[in-house]
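Enquirer: Have a look at the structure that comes next, please.
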Amino acid sequence: MAVRMEVPRRRLALVTVALALGACSDDEATPTTTDDGTEPGPAASGTIAPDASDPGATSGSPGTSGTASAPPATPRDSPATTTGTDPPPLTDAPTTTAAPDGEAIELGRSVDGRPITVIRRGTPGGTAIVAVGAIHGDEDAGVAIIDELRRVPVPDGIELWLVPSMNPDGQAADVRQNVNGVDLNRNFPENWSPLGEPGVWQYAGPSAASEPETQAMLALSERVQPQLTLWYHQDLFRINPATGLDGEIRRRYASLTGLPIVEVTGGVYTGTASQWSRTIAADGGIGFTIELGSSLGQRGARRHAAAVLTVAGELT
Ligand SMILES: [Zn+2]
């Protein structure tokens, strides 16, 4: 049961970690190594549809690999149930009360009415970090990292905003998109462009932020203004390179978790969550995709959770 969100308007470091279990047709490449806990993906048969949700800083190239071939993810059976329940008017919420520590707060509802929640932890007003366990429904290994972050002590000065899944409908159906067949990682308002149509794996939706799931994340980030947002995907086993402070943070996270820094290619990367998440804080903020392997054991989840806290501490 979620509590209505009343996030203070001050600056929080949101580390949006998109965690995803399974096979992500979203980022790319074929995993190679095995890091304890994070196993490289089962070399997705032939077509790994990369989904570098993150090309932003690297000028992602439409790649060579599984380009246009549509990955498994097909839109949900009920194509357009536009019964979207209106997400709670987060932005109208009072700005004075801090959200309770460790409690689930409802940010909004999915197209099918499932709650999209966030758990706030740590120092109110500290460096805001948003971590998102799953954005593609069939890539939800990252949820285990969120679960771990809900349990461990949070060092002083850090405020975590943990979103287990921004695509609960897709997760329930084990598909990439939401119920409207929209690839939520192409639906964000930064650099959004029409792409595909219902039934196409990268369908960007009828307009920028057209989906209630996307709107829920916009409302959260507008209020929290995270300094770091982490988006978890699967299962390309890599982190896209970048330059500047963003690049440094990525390399640090990669070295802590055993993921290689390798470019993700093979898709069209407009309207991605990670690009957008670099624009929300006053000074831009940092946001990137973490491509886990095909599975993530308990050890792997702990290792990633520790990396989130380490990186967050270094930003503080
Ligand atoms: Zn993905």
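If you're wondering about the labels, chains in the structure tokens are A, B, ... by order shown, residues count from 1 in each chain, ligands from 1 in order shown.
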Can you pull out the residues contacting Ile158 of chain A? Cut-off 12 Å, using only C-alpha atoms, and skip same-chain residues under 6 positions away; I want them as a list in words.
Expert: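 Listing them by chain and then by number gives Arg11, Leu12, Ala13, Leu14, Val15, Arg120, Arg121, Gly122, Thr123, Pro124, Gly125, Gly126, Thr127, Ala128, Ile129, Val130, Pro226, Gln227, Leu228, Val308, Leu309, Thr310, Val311, Ala312, Gly313, Glu314, Leu315 and Thr316 of chain A.
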Enquirer: Would you mind listing what lies within 10 Å of Ile239 of chain A as a list of chain:residue names, with only C-alpha atoms counted and same-chain residues fewer than 2 positions away left out?
Expert: A:Asp27, A:Glu28, A:Ala52, A:Asp54, A:Leu236, A:Phe237, A:Pro241, A:Ala242, A:Arg250, A:Arg251, A:Tyr253, A:Ala254, A:Leu259, A:Pro260, A:Ile261, A:Val262, A:Glu263, A:Val264, A:Phe288, A:Thr289, A:Ile290, A:Glu291, A:Leu292
Enquirer: Which residues in segment 127-275 of chain A does DSSP call strand (DSSP E)? List them as a VMD selection string.
Expert: chain A and resid 127 to 132 158 to 163 228 to 234
Enquirer: Need to verify the contact set: Leu218 of chain A, 9 Å, only C-alpha atoms, exclusion of same-chain residues closer than 5 positions in sequence. Can you return it as number ranges by chain?
Expert: A: 188, 209, 213, 223, 280
Enquirer: When distances are computed from only C-alpha atoms and all ligand atoms, which of A:Ile146, A:Ile119, A:Ala99, A:Val175 shows the smallest separation from ligand 1?
Expert: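 For ligand 1, the nearest of the given residues is A:Val175.
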Enquirer: Please report, as number ranges by chain, each residue of segment 68-261 of chain A to which DSSP assigns helix (DSSP H, G or I) when run on this structure's backbone.
Expert: A: 90-92, 143-151, 168-173, 184-186, 212-224, 244-257
Enquirer: Output the selection as a PDB file, in the first residue's frame - C-alpha atoms for each residue.
Expert:
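Below you can see out_2.pdb, which holds the result:
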```pdb
ATOM      1  CA  LEU A  90       2.982  14.350  -7.780  1.00  0.00           C
ATOM      2  CA  THR A  91       3.999  17.805  -8.838  1.00  0.00           C
ATOM      3  CA  ASP A  92       1.108  19.307  -6.958  1.00  0.00           C
ATOM      4  CA  VAL A 143      15.110  -5.623  -9.229  1.00  0.00           C
ATOM      5  CA  ALA A 144      17.336  -7.743  -6.979  1.00  0.00           C
ATOM      6  CA  ILE A 145      19.739  -4.808  -6.726  1.00  0.00           C
ATOM      7  CA  ILE A 146      16.894  -2.559  -5.643  1.00  0.00           C
ATOM      8  CA  ASP A 147      15.864  -5.157  -3.081  1.00  0.00           C
ATOM      9  CA  GLU A 148      19.406  -5.166  -1.730  1.00  0.00           C
ATOM     10  CA  LEU A 149      19.496  -1.376  -1.583  1.00  0.00           C
ATOM     11  CA  ARG A 150      16.297  -1.449   0.447  1.00  0.00           C
ATOM     12  CA  ARG A 151      18.066  -3.483   3.117  1.00  0.00           C
ATOM     13  CA  PRO A 168       5.039  -3.485 -14.020  1.00  0.00           C
ATOM     14  CA  ASP A 169       2.689  -4.503 -16.832  1.00  0.00           C
ATOM     15  CA  GLY A 170       5.537  -5.506 -19.110  1.00  0.00           C
ATOM     16  CA  GLN A 171       7.157  -7.331 -16.237  1.00  0.00           C
ATOM     17  CA  ALA A 172       3.977  -9.256 -15.466  1.00  0.00           C
ATOM     18  CA  ALA A 173       3.699 -10.298 -19.104  1.00  0.00           C
ATOM     19  CA  LEU A 184       9.367   3.027 -22.674  1.00  0.00           C
ATOM     20  CA  ASN A 185      13.054   3.514 -23.269  1.00  0.00           C
ATOM     21  CA  ARG A 186      12.202   5.438 -26.448  1.00  0.00           C
ATOM     22  CA  PRO A 212       1.746   6.934 -17.850  1.00  0.00           C
ATOM     23  CA  GLU A 213       4.815   4.941 -16.838  1.00  0.00           C
ATOM     24  CA  THR A 214       7.078   7.577 -18.375  1.00  0.00           C
ATOM     25  CA  GLN A 215       5.046  10.340 -16.765  1.00  0.00           C
ATOM     26  CA  ALA A 216       5.517   8.760 -13.362  1.00  0.00           C
ATOM     27  CA  MET A 217       9.301   8.901 -13.778  1.00  0.00           C
ATOM     28  CA  LEU A 218       9.145  12.481 -15.008  1.00  0.00           C
ATOM     29  CA  ALA A 219       7.180  13.503 -11.952  1.00  0.00           C
ATOM     30  CA  LEU A 220       9.642  11.819  -9.627  1.00  0.00           C
ATOM     31  CA  SER A 221      12.721  13.279 -11.226  1.00  0.00           C
ATOM     32  CA  GLU A 222      11.311  16.756 -11.520  1.00  0.00           C
ATOM     33  CA  ARG A 223      10.725  16.740  -7.821  1.00  0.00           C
ATOM     34  CA  VAL A 224      13.905  15.010  -6.771  1.00  0.00           C
ATOM     35  CA  GLY A 244      33.925  13.780 -18.554  1.00  0.00           C
ATOM     36  CA  LEU A 245      32.589  13.180 -15.078  1.00  0.00           C
ATOM     37  CA  ASP A 246      29.892  10.941 -16.519  1.00  0.00           C
ATOM     38  CA  GLY A 247      32.606   8.753 -18.046  1.00  0.00           C
ATOM     39  CA  GLU A 248      34.536   8.664 -14.790  1.00  0.00           C
ATOM     40  CA  ILE A 249      31.520   7.537 -12.831  1.00  0.00           C
ATOM     41  CA  ARG A 250      30.741   4.845 -15.366  1.00  0.00           C
ATOM     42  CA  ARG A 251      34.293   3.535 -15.270  1.00  0.00           C
ATOM     43  CA  ARG A 252      34.233   3.532 -11.503  1.00  0.00           C
ATOM     44  CA  TYR A 253      30.950   1.625 -11.402  1.00  0.00           C
ATOM     45  CA  ALA A 254      32.232  -0.786 -14.027  1.00  0.00           C
ATOM     46  CA  SER A 255      35.426  -1.509 -12.128  1.00  0.00           C
ATOM     47  CA  LEU A 256      33.474  -2.144  -8.945  1.00  0.00           C
ATOM     48  CA  THR A 257      31.131  -4.599 -10.603  1.00  0.00           C
TER      49      THR A 257
END
```
Enquirer: Here is a test: counting only C-alpha atoms and all ligand atoms, which residue of A:Ser277, A:Ser210, A:Gln177, A:Gln298 is nearest to ligand 1?
Expert: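 The answer is A:Gln177, which sits nearest to ligand 1.
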Enquirer: Work out how far atom CA of Leu230 of chain A is from atom CA of Trp161 of chain A, in Å to one decimal.
Expert: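 For atom CA of Trp161 of chain A relative to atom CA of Leu230 of chain A, the distance reads 10.5 Å.
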Enquirer: If you measure from atom CA of Ser165 of chain A to atom CA of Arg303 of chain A, what distance in Å do you get, rounded to one decimal?
Expert: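 It comes out at 19.7 Å.
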Enquirer: Just give me the gap between atom CA of Trp276 of chain A and atom CA of Ala104 of chain A in Å, one decimal is fine.
Expert: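 Taking atom CA of Trp276 of chain A and atom CA of Ala104 of chain A, their separation equals 24.2 Å.
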Enquirer: Write out as an mmCIF file with C-alpha atoms, in the first residue's frame the residues lying within 7 Å of Val118 of chain A, counting only C-alpha atoms and excluding same-chain residues fewer than 4 positions away.
Expert:
```cif
data_model
loop_
_atom_site.group_PDB
_atom_site.id
_atom_site.type_symbol
_atom_site.label_atom_id
_atom_site.label_comp_id
_atom_site.auth_asym_id
_atom_site.auth_seq_id
_atom_site.Cartn_x
_atom_site.Cartn_y
_atom_site.Cartn_z
ATOM 1 C CA ALA A 104 6.758 2.557 -0.787
ATOM 2 C CA ILE A 105 5.348 5.729 -2.302
ATOM 3 C CA GLU A 106 3.077 5.534 -5.300
ATOM 4 C CA LEU A 107 4.301 7.619 -8.199
ATOM 5 C CA TRP A 161 15.104 6.894 -4.512
ATOM 6 C CA LEU A 162 14.536 3.278 -5.475
ATOM 7 C CA VAL A 163 12.095 2.307 -8.204
#
```
Enquirer: Have a look at A:Asp140, A:Glu103, A:Met166, A:Glu190 and name the one nearest to ligand 1; count only C-alpha atoms and all ligand atoms.
Expert: A:Asp140
Enquirer: Which residue, A:Thr270, A:Trp231, A:Ile286, A:Trp192, has the smallest gap to Thr243 of chain A when you use only C-alpha atoms?
Expert: A:Ile286
Enquirer: Which residue gives the smallest distance to ligand 1 among A:Pro155, A:Gly297, A:Gly142, A:Pro194, with only C-alpha atoms and all ligand atoms counted?
Expert: A:Gly142
